[in-house]
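K.L.:
Quick one, upload29.pdb (PDB, C-alpha atoms, pLDDT in the B column):
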ATOM      1  CA  ALA A   2       0.000   0.000   0.000  1.00 78.00           C
ATOM      2  CA  MET A   3       2.884   2.407   0.714  1.00 88.00           C
ATOM      3  CA  MET A   4       4.158   2.153  -2.875  1.00 89.00           C
ATOM      4  CA  ASN A   5       0.714   3.249  -4.061  1.00 91.00           C
ATOM      5  CA  ILE A   6       1.017   6.664  -2.401  1.00 93.00           C
ATOM      6  CA  TRP A   7       1.710   9.155  -5.200  1.00 90.00           C
ATOM      7  CA  GLY A   8       5.252  10.499  -4.877  1.00 88.00           C
ATOM      8  CA  VAL A   9       6.476   7.651  -2.661  1.00 91.00           C
ATOM      9  CA  GLY A  10       9.139   5.563  -4.348  1.00 90.00           C
ATOM     10  CA  ARG A  11      10.543   2.190  -3.400  1.00 92.00           C
ATOM     11  CA  VAL A  12      13.040   3.565  -0.843  1.00 92.00           C
ATOM     12  CA  LYS A  13      10.498   5.732   1.011  1.00 90.00           C
ATOM     13  CA  ALA A  14       7.887   2.951   0.905  1.00 93.00           C
ATOM     14  CA  LYS A  15      10.369   0.521   2.487  1.00 93.00           C
ATOM     15  CA  GLU A  16      11.254   3.138   5.105  1.00 93.00           C
ATOM     16  CA  LEU A  17       7.561   3.590   5.979  1.00 93.00           C
ATOM     17  CA  VAL A  18       7.006  -0.179   6.245  1.00 94.00           C
ATOM     18  CA  ASN A  19      10.114  -0.525   8.439  1.00 94.00           C
ATOM     19  CA  GLU A  20       8.674   2.198  10.699  1.00 94.00           C
ATOM     20  CA  GLY A  21       5.525   0.099  11.111  1.00 93.00           C
ATOM     21  CA  TYR A  22       3.187   1.707   8.569  1.00 93.00           C
ATOM     22  CA  ASP A  23       1.122  -0.843   6.710  1.00 89.00           C
ATOM     23  CA  ARG A  24      -2.103   1.069   5.937  1.00 92.00           C
ATOM     24  CA  ILE A  25      -2.902   4.518   4.618  1.00 94.00           C
ATOM     25  CA  GLY A  26      -4.951   5.147   7.776  1.00 94.00           C
ATOM     26  CA  SER A  27      -1.912   4.729  10.017  1.00 94.00           C
ATOM     27  CA  VAL A  28       0.078   7.135   7.823  1.00 93.00           C
ATOM     28  CA  ARG A  29      -2.725   9.725   8.020  1.00 92.00           C
ATOM     29  CA  HIS A  30      -2.981   9.330  11.782  1.00 92.00           C
ATOM     30  CA  SER A  31       0.766   9.844  12.282  1.00 92.00           C
ATOM     31  CA  ILE A  32       0.768  12.926  10.041  1.00 89.00           C
ATOM     32  CA  LYS A  33      -2.140  14.389  12.031  1.00 88.00           C
ATOM     33  CA  GLN A  34      -0.300  13.661  15.296  1.00 88.00           C
ATOM     34  CA  GLY A  35       2.852  15.346  13.956  1.00 86.00           C
ATOM     35  CA  ARG A  36       4.885  12.114  14.191  1.00 89.00           C
ATOM     36  CA  LEU A  37       5.395  11.729  10.450  1.00 89.00           C
ATOM     37  CA  LYS A  38       6.585  14.344   7.968  1.00 87.00           C
ATOM     38  CA  LEU A  39       6.429  13.746   4.237  1.00 88.00           C
ATOM     39  CA  GLU A  40       7.480  15.752   1.223  1.00 85.00           C
ATOM     40  CA  ARG A  41       4.782  18.035  -0.147  1.00 85.00           C
ATOM     41  CA  SER A  42       3.859  15.820  -3.134  1.00 86.00           C
ATOM     42  CA  GLN A  43       3.772  12.704  -0.924  1.00 90.00           C
ATOM     43  CA  TYR A  44       1.444  14.479   1.488  1.00 89.00           C
ATOM     44  CA  ILE A  45      -0.912  15.243  -1.420  1.00 91.00           C
ATOM     45  CA  GLY A  46      -0.643  11.570  -2.398  1.00 92.00           C
ATOM     46  CA  VAL A  47      -1.841  10.655   1.101  1.00 93.00           C
ATOM     47  CA  LEU A  48      -4.631  13.261   1.056  1.00 92.00           C
ATOM     48  CA  CYS A  49      -5.944  12.023  -2.303  1.00 94.00           C
ATOM     49  CA  TYR A  50      -4.966   8.352  -1.938  1.00 95.00           C
ATOM     50  CA  GLU A  51      -8.335   6.690  -2.600  1.00 96.00           C
ATOM     51  CA  ASP A  52      -9.248   9.040  -5.445  1.00 96.00           C
ATOM     52  CA  ILE A  53      -5.889   8.581  -7.169  1.00 94.00           C
ATOM     53  CA  MET A  54      -6.113   4.795  -6.816  1.00 94.00           C
ATOM     54  CA  GLU A  55      -9.602   4.700  -8.347  1.00 96.00           C
ATOM     55  CA  GLU A  56      -9.857   4.451 -12.121  1.00 96.00           C
ATOM     56  CA  MET A  57     -12.196   6.847 -13.909  1.00 97.00           C
ATOM     57  CA  PRO A  58     -14.357   6.133 -16.961  1.00 97.00           C
ATOM     58  CA  ARG A  59     -13.597   7.602 -20.389  1.00 97.00           C
ATOM     59  CA  SER A  60     -16.523  10.018 -20.008  1.00 97.00           C
ATOM     60  CA  GLU A  61     -14.875  11.607 -16.954  1.00 98.00           C
ATOM     61  CA  VAL A  62     -11.529  11.896 -18.768  1.00 98.00           C
ATOM     62  CA  GLU A  63     -13.396  13.635 -21.603  1.00 98.00           C
ATOM     63  CA  ALA A  64     -15.189  16.008 -19.191  1.00 98.00           C
ATOM     64  CA  ILE A  65     -11.838  17.075 -17.680  1.00 98.00           C
ATOM     65  CA  ALA A  66     -10.338  17.457 -21.160  1.00 97.00           C
ATOM     66  CA  ASP A  67     -13.292  19.621 -22.271  1.00 97.00           C
ATOM     67  CA  ILE A  68     -12.722  22.027 -19.365  1.00 98.00           C
ATOM     68  CA  LEU A  69      -9.031  22.179 -20.155  1.00 97.00           C
ATOM     69  CA  LEU A  70      -9.580  22.731 -23.885  1.00 96.00           C
ATOM     70  CA  SER A  71     -12.026  25.551 -23.220  1.00 97.00           C
ATOM     71  CA  THR A  72      -9.520  27.295 -20.931  1.00 97.00           C
ATOM     72  CA  VAL A  73      -6.654  26.769 -23.406  1.00 97.00           C
ATOM     73  CA  ARG A  74      -8.704  28.097 -26.328  1.00 96.00           C
ATOM     74  CA  ASP A  75      -9.645  31.243 -24.357  1.00 95.00           C
ATOM     75  CA  ARG A  76      -5.972  32.231 -24.635  1.00 94.00           C
ATOM     76  CA  TYR A  77      -4.896  30.320 -27.734  1.00 96.00           C
ATOM     77  CA  PRO A  78      -7.894  29.810 -30.078  1.00 96.00           C
ATOM     78  CA  SER A  79      -5.883  27.735 -32.591  1.00 96.00           C
ATOM     79  CA  ALA A  80      -4.409  25.387 -30.000  1.00 96.00           C
ATOM     80  CA  GLU A  81      -4.786  21.656 -30.528  1.00 96.00           C
ATOM     81  CA  MET A  82      -5.161  19.150 -27.727  1.00 96.00           C
ATOM     82  CA  THR A  83      -4.831  15.374 -27.606  1.00 96.00           C
ATOM     83  CA  ILE A  84      -5.778  13.039 -24.760  1.00 97.00           C
ATOM     84  CA  MET A  85      -2.857  10.640 -24.422  1.00 96.00           C
ATOM     85  CA  GLY A  86      -2.050   7.586 -22.298  1.00 94.00           C
ATOM     86  CA  SER A  87      -4.493   4.792 -21.577  1.00 95.00           C
ATOM     87  CA  TYR A  88      -7.386   6.820 -23.013  1.00 96.00           C
ATOM     88  CA  ARG A  89      -5.645   7.061 -26.404  1.00 95.00           C
ATOM     89  CA  ARG A  90      -4.864   3.350 -26.255  1.00 95.00           C
ATOM     90  CA  GLY A  91      -8.619   2.706 -26.029  1.00 94.00           C
ATOM     91  CA  LYS A  92      -8.870   1.521 -22.423  1.00 95.00           C
ATOM     92  CA  LEU A  93     -12.305   1.782 -20.840  1.00 95.00           C
ATOM     93  CA  SER A  94     -10.938   3.465 -17.709  1.00 96.00           C
ATOM     94  CA  SER A  95      -7.882   5.495 -16.774  1.00 96.00           C
ATOM     95  CA  GLY A  96      -5.918   6.134 -13.609  1.00 95.00           C
ATOM     96  CA  ASP A  97      -5.086   9.678 -14.670  1.00 96.00           C
ATOM     97  CA  VAL A  98      -5.591  12.160 -17.493  1.00 97.00           C
ATOM     98  CA  ASP A  99      -2.631  12.813 -19.824  1.00 97.00           C
ATOM     99  CA  ILE A 100      -3.040  15.818 -22.113  1.00 97.00           C
ATOM    100  CA  MET A 101      -0.783  17.167 -24.863  1.00 97.00           C
ATOM    101  CA  ILE A 102      -1.292  20.725 -26.163  1.00 96.00           C
ATOM    102  CA  THR A 103       0.315  22.067 -29.342  1.00 96.00           C
ATOM    103  CA  HIS A 104      -0.164  25.253 -31.353  1.00 96.00           C
ATOM    104  CA  PRO A 105       0.559  25.773 -35.070  1.00 96.00           C
ATOM    105  CA  ASP A 106       2.142  29.192 -34.407  1.00 95.00           C
ATOM    106  CA  PHE A 107       4.818  27.505 -32.277  1.00 94.00           C
ATOM    107  CA  PRO A 108       6.460  24.786 -34.427  1.00 94.00           C
ATOM    108  CA  ASP A 109       9.734  24.547 -32.465  1.00 93.00           C
ATOM    109  CA  THR A 110       9.012  26.266 -29.143  1.00 91.00           C
ATOM    110  CA  VAL A 111       6.126  26.849 -26.746  1.00 91.00           C
ATOM    111  CA  PRO A 112       4.626  30.239 -25.831  1.00 90.00           C
ATOM    112  CA  PRO A 113       6.482  31.649 -22.800  1.00 86.00           C
ATOM    113  CA  LYS A 114       4.705  31.016 -19.490  1.00 89.00           C
ATOM    114  CA  ALA A 115       1.592  29.834 -21.351  1.00 93.00           C
ATOM    115  CA  LEU A 116       0.937  26.602 -19.494  1.00 94.00           C
ATOM    116  CA  GLY A 117       1.516  28.206 -16.094  1.00 92.00           C
ATOM    117  CA  GLN A 118      -1.014  30.919 -16.921  1.00 93.00           C
ATOM    118  CA  ILE A 119      -3.522  28.311 -18.122  1.00 95.00           C
ATOM    119  CA  VAL A 120      -3.030  26.351 -14.900  1.00 93.00           C
ATOM    120  CA  ASP A 121      -3.546  29.508 -12.807  1.00 93.00           C
ATOM    121  CA  GLU A 122      -6.773  30.164 -14.716  1.00 95.00           C
ATOM    122  CA  LEU A 123      -7.986  26.604 -14.046  1.00 96.00           C
ATOM    123  CA  ARG A 124      -7.146  27.076 -10.370  1.00 93.00           C
ATOM    124  CA  SER A 125      -8.994  30.403 -10.128  1.00 93.00           C
ATOM    125  CA  LYS A 126     -12.073  28.702 -11.652  1.00 95.00           C
ATOM    126  CA  GLY A 127     -11.946  26.007  -8.945  1.00 94.00           C
ATOM    127  CA  HIS A 128     -10.917  23.109 -11.173  1.00 97.00           C
ATOM    128  CA  ILE A 129      -7.569  22.361  -9.524  1.00 94.00           C
ATOM    129  CA  ALA A 130      -7.388  20.842  -6.054  1.00 93.00           C
ATOM    130  CA  HIS A 131      -3.582  20.638  -5.741  1.00 92.00           C
ATOM    131  CA  HIS A 132      -0.484  21.395  -7.767  1.00 89.00           C
ATOM    132  CA  LEU A 133       2.258  18.782  -7.776  1.00 88.00           C
ATOM    133  CA  THR A 134       4.617  20.959  -9.805  1.00 85.00           C
ATOM    134  CA  PHE A 135       5.248  24.696 -10.058  1.00 83.00           C
ATOM    135  CA  ILE A 136       6.052  26.014 -13.521  1.00 82.00           C
ATOM    136  CA  ALA A 137       6.892  29.294 -15.233  1.00 79.00           C
ATOM    137  CA  GLY A 138       3.894  31.566 -15.561  1.00 83.00           C
ATOM    138  CA  MET A 139       2.206  30.394 -12.365  1.00 81.00           C
ATOM    139  CA  LYS A 140       1.809  32.893  -9.554  1.00 78.00           C
ATOM    140  CA  PRO A 141       3.334  31.490  -6.353  1.00 69.00           C
ATOM    141  CA  GLU A 142       0.469  32.836  -4.227  1.00 67.00           C
ATOM    142  CA  LYS A 143      -2.010  30.784  -6.277  1.00 65.00           C
ATOM    143  CA  TYR A 144       0.135  27.662  -6.024  1.00 68.00           C
ATOM    144  CA  GLU A 145      -0.187  26.517  -2.446  1.00 67.00           C
ATOM    145  CA  SER A 146      -3.269  24.555  -1.465  1.00 66.00           C
ATOM    146  CA  LEU A 147      -1.914  23.023   1.744  1.00 69.00           C
ATOM    147  CA  PRO A 148      -1.948  24.413   5.282  1.00 64.00           C
ATOM    148  CA  THR A 149       1.087  26.619   5.905  1.00 56.00           C
ATOM    149  CA  SER A 150       1.562  24.853   9.243  1.00 55.00           C
ATOM    150  CA  LEU A 151       3.113  21.940   7.355  1.00 58.00           C
ATOM    151  CA  GLY A 152       6.244  24.044   6.903  1.00 48.00           C
ATOM    152  CA  TYR A 153       6.612  23.842   3.135  1.00 50.00           C
ATOM    153  CA  GLU A 154       8.605  26.546   1.394  1.00 49.00           C
ATOM    154  CA  ARG A 155       6.794  28.682  -1.114  1.00 50.00           C
ATOM    155  CA  PRO A 156       8.025  27.907  -4.605  1.00 51.00           C
ATOM    156  CA  HIS A 157      10.281  30.237  -6.528  1.00 52.00           C
ATOM    157  CA  GLU A 158       9.585  31.441 -10.055  1.00 52.00           C
ATOM    158  CA  LYS A 159      10.733  28.812 -12.529  1.00 55.00           C
ATOM    159  CA  LYS A 160      12.716  29.548 -15.674  1.00 58.00           C
ATOM    160  CA  ASP A 161      11.004  28.981 -18.971  1.00 56.00           C
ATOM    161  CA  LYS A 162      11.916  26.041 -21.157  1.00 59.00           C
ATOM    162  CA  LEU A 163      11.510  26.957 -24.794  1.00 62.00           C
ATOM    163  CA  ASN A 164      11.125  23.396 -26.039  1.00 74.00           C
ATOM    164  CA  GLN A 165       8.284  22.202 -23.759  1.00 80.00           C
ATOM    165  CA  SER A 166       6.309  22.832 -20.599  1.00 88.00           C
ATOM    166  CA  SER A 167       4.849  20.211 -18.279  1.00 91.00           C
ATOM    167  CA  TRP A 168       2.550  20.400 -15.240  1.00 93.00           C
ATOM    168  CA  MET A 169       1.318  17.712 -12.857  1.00 93.00           C
ATOM    169  CA  GLY A 170      -1.491  18.106 -10.399  1.00 94.00           C
ATOM    170  CA  VAL A 171      -4.827  17.026  -9.002  1.00 96.00           C
ATOM    171  CA  PHE A 172      -8.044  18.140 -10.683  1.00 97.00           C
ATOM    172  CA  ASN A 173     -11.455  18.387  -9.033  1.00 97.00           C
ATOM    173  CA  SER A 174     -13.722  15.973 -10.891  1.00 97.00           C
ATOM    174  CA  PRO A 175     -16.426  17.760 -12.878  1.00 97.00           C
ATOM    175  CA  VAL A 176     -18.470  14.532 -12.799  1.00 97.00           C
ATOM    176  CA  ILE A 177     -18.319  13.243  -9.206  1.00 96.00           C
ATOM    177  CA  ALA A 178     -18.419  15.917  -6.497  1.00 95.00           C
ATOM    178  CA  GLY A 179     -15.526  15.611  -4.057  1.00 95.00           C
ATOM    179  CA  LYS A 180     -13.421  13.276  -6.249  1.00 97.00           C
ATOM    180  CA  ARG A 181      -9.924  14.375  -7.204  1.00 97.00           C
ATOM    181  CA  ARG A 182      -8.164  13.101 -10.297  1.00 97.00           C
ATOM    182  CA  ARG A 183      -4.500  13.108 -11.329  1.00 96.00           C
ATOM    183  CA  VAL A 184      -3.835  15.218 -14.404  1.00 97.00           C
ATOM    184  CA  ASP A 185      -0.623  15.699 -16.410  1.00 96.00           C
ATOM    185  CA  ILE A 186      -0.586  18.477 -18.999  1.00 96.00           C
ATOM    186  CA  LYS A 187       2.216  18.981 -21.503  1.00 95.00           C
ATOM    187  CA  PHE A 188       2.571  21.898 -23.917  1.00 95.00           C
ATOM    188  CA  TYR A 189       4.884  20.814 -26.746  1.00 94.00           C
ATOM    189  CA  PRO A 190       6.093  22.437 -29.969  1.00 94.00           C
ATOM    190  CA  TYR A 191       3.721  21.791 -32.857  1.00 95.00           C
ATOM    191  CA  ARG A 192       6.175  19.466 -34.609  1.00 93.00           C
ATOM    192  CA  HIS A 193       5.661  16.993 -31.720  1.00 90.00           C
ATOM    193  CA  ARG A 194       1.910  16.669 -32.307  1.00 85.00           C
ATOM    194  CA  VAL A 195       0.547  13.163 -32.721  1.00 77.00           C
TER
END
Can the structure from this file be put into structure tokens for me?
P.N.:
Amino acid sequence: AMMNIWGVGRVKAKELVNEGYDRIGSVRHSIKQGRLKLERSQYIGVLCYEDIMEEMPRSEVEAIADILLSTVRDRYPSAEMTIMGSYRRGKLSSGDVDIMITHPDFPDTVPPKALGQIVDELRSKGHIAHHLTFIAGMKPEKYESLPTSLGYERPHEKKDKLNQSSWMGVFNSPVIAGKRRRVDIKFYPYRHRV
């Protein structure tokens, strides 16, 4: 079960098991008691454990993609978007949503800070529960969704990458109230489109 916590790799999972943790409930209890500290992304993995473990139907993937496409097209009307991963392979359910955005005006680069601004817009509309990464274009004050008492540092402005931009986070399901779904969004140069 410890390996299933998002952000927990083999080494950390073994460490947790060696410390006596065998269920997500015991991890949550120790965090609440202040006996266990995790990295920020691991803490989000614990918070959203059941939702992240649960597969979602294609219709829910499509509903999330529709929200994303609408937000992308508000800024970049000619943008193209493809749902990747297990959805593209035709599976009936997916563990997360993988999205690739491209734009014909950007054959070899991506628009500076574009994805970060799109993510901030999604957040301000209430679609994003948690960010797992901080990228160029995002405003640090809109980034943090966790209690400040956990002692995490606020992120610093990231440098732009001209050849691609990638964000990982947790989306509020537009289909099932209270469910949170893992989403990965990549903005690639147009020549990478599929």
K.L.:
If you apply the PyMOL selection byres ((chain A and resi 87) around 12) to this file, what residues do you get, as a list in words?
P.N.:
Glu56, Met57, Pro58, Arg59, Val62, Ile84, Met85, Gly86, Tyr88, Arg89, Arg90, Gly91, Lys92, Leu93, Ser94, Ser95, Gly96, Asp97, Val98, Asp99 and Ile100 of chain A
K.L.:
Just say which residues the PyMOL selection byres ((chain A and resi 5) around 9) picks in this file, as a list in words.
P.N.:
Ala2, Met3, Met4, Ile6, Trp7, Gly8, Val9, Gly10, Ala14, Gly46, Tyr50 and Met54 of chain A
K.L.:
Which residue gives the smallest distance to Ile177 in chain A among A:Lys33, A:Glu61, A:Gly26, A:Thr72, with all atoms listed in the file counted?
P.N.:
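Of the candidates, the smallest distance to Ile177 in chain A is held by A:Glu61.
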K.L.:
With only C-alpha atoms as the counted atoms, please give the residues lying no more than 10 Å from range 110-114 of chain A, apart from itself and same-chain residues fewer than 2 positions off, as an NGL selection string.
P.N.:
:A and (77 or 102-104 or 106-108 or 116-119 or 136-139 or 159-166 or 188-192)
K.L.:
Could you list as a list in words every residue that has an atom within 7 Å of (5.5, 20.2, -15.2), using the file's coordinates and counting all atoms listed in the file?
P.N.:
Thr134, Phe135, Ile136, Ser166, Ser167, Trp168 and Met169 of chain A
K.L.:
Which residue out of A:Lys180, A:Arg74, A:Arg124, A:Lys13 has the minimum interatomic distance to Leu39 in chain A when all atoms listed in the file are used?
P.N.:
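Ranking A:Lys180, A:Arg74, A:Arg124, A:Lys13 by distance to Leu39 in chain A, first place goes to A:Lys13.
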K.L.:
Please indicate the distance in Å from CA of Phe172 in chain A to CA of Lys126 in chain A, rounded to one decimal place.
P.N.:
11.3 Å
K.L.:
So the first atom is CA of His132 in chain A and the second is CA of Ala80 in chain A; what is the distance between them in Å, to one decimal place?
P.N.:
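Those two atoms sit 22.9 Å apart.
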K.L.:
For CA of Val176 in chain A and CA of Ile32 in chain A, quote the distance in Å rounded to one decimal.
P.N.:
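These atoms are spaced 29.9 Å apart.
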K.L.:
Which one of A:Asp121, A:Arg24, A:Leu69, A:Pro78 sits closest to Val184 in chain A if you count all atoms listed in the file?
P.N.:
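Looking at the shortest contact to Val184 in chain A, the residue is A:Leu69.
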K.L.:
Compare A:Ile53, A:Arg181, A:Lys140, A:Leu48 by their minimum atom-to-atom distance to His30 in chain A, counting only C-alpha atoms, and give me the closest one.
P.N.:
A:Leu48
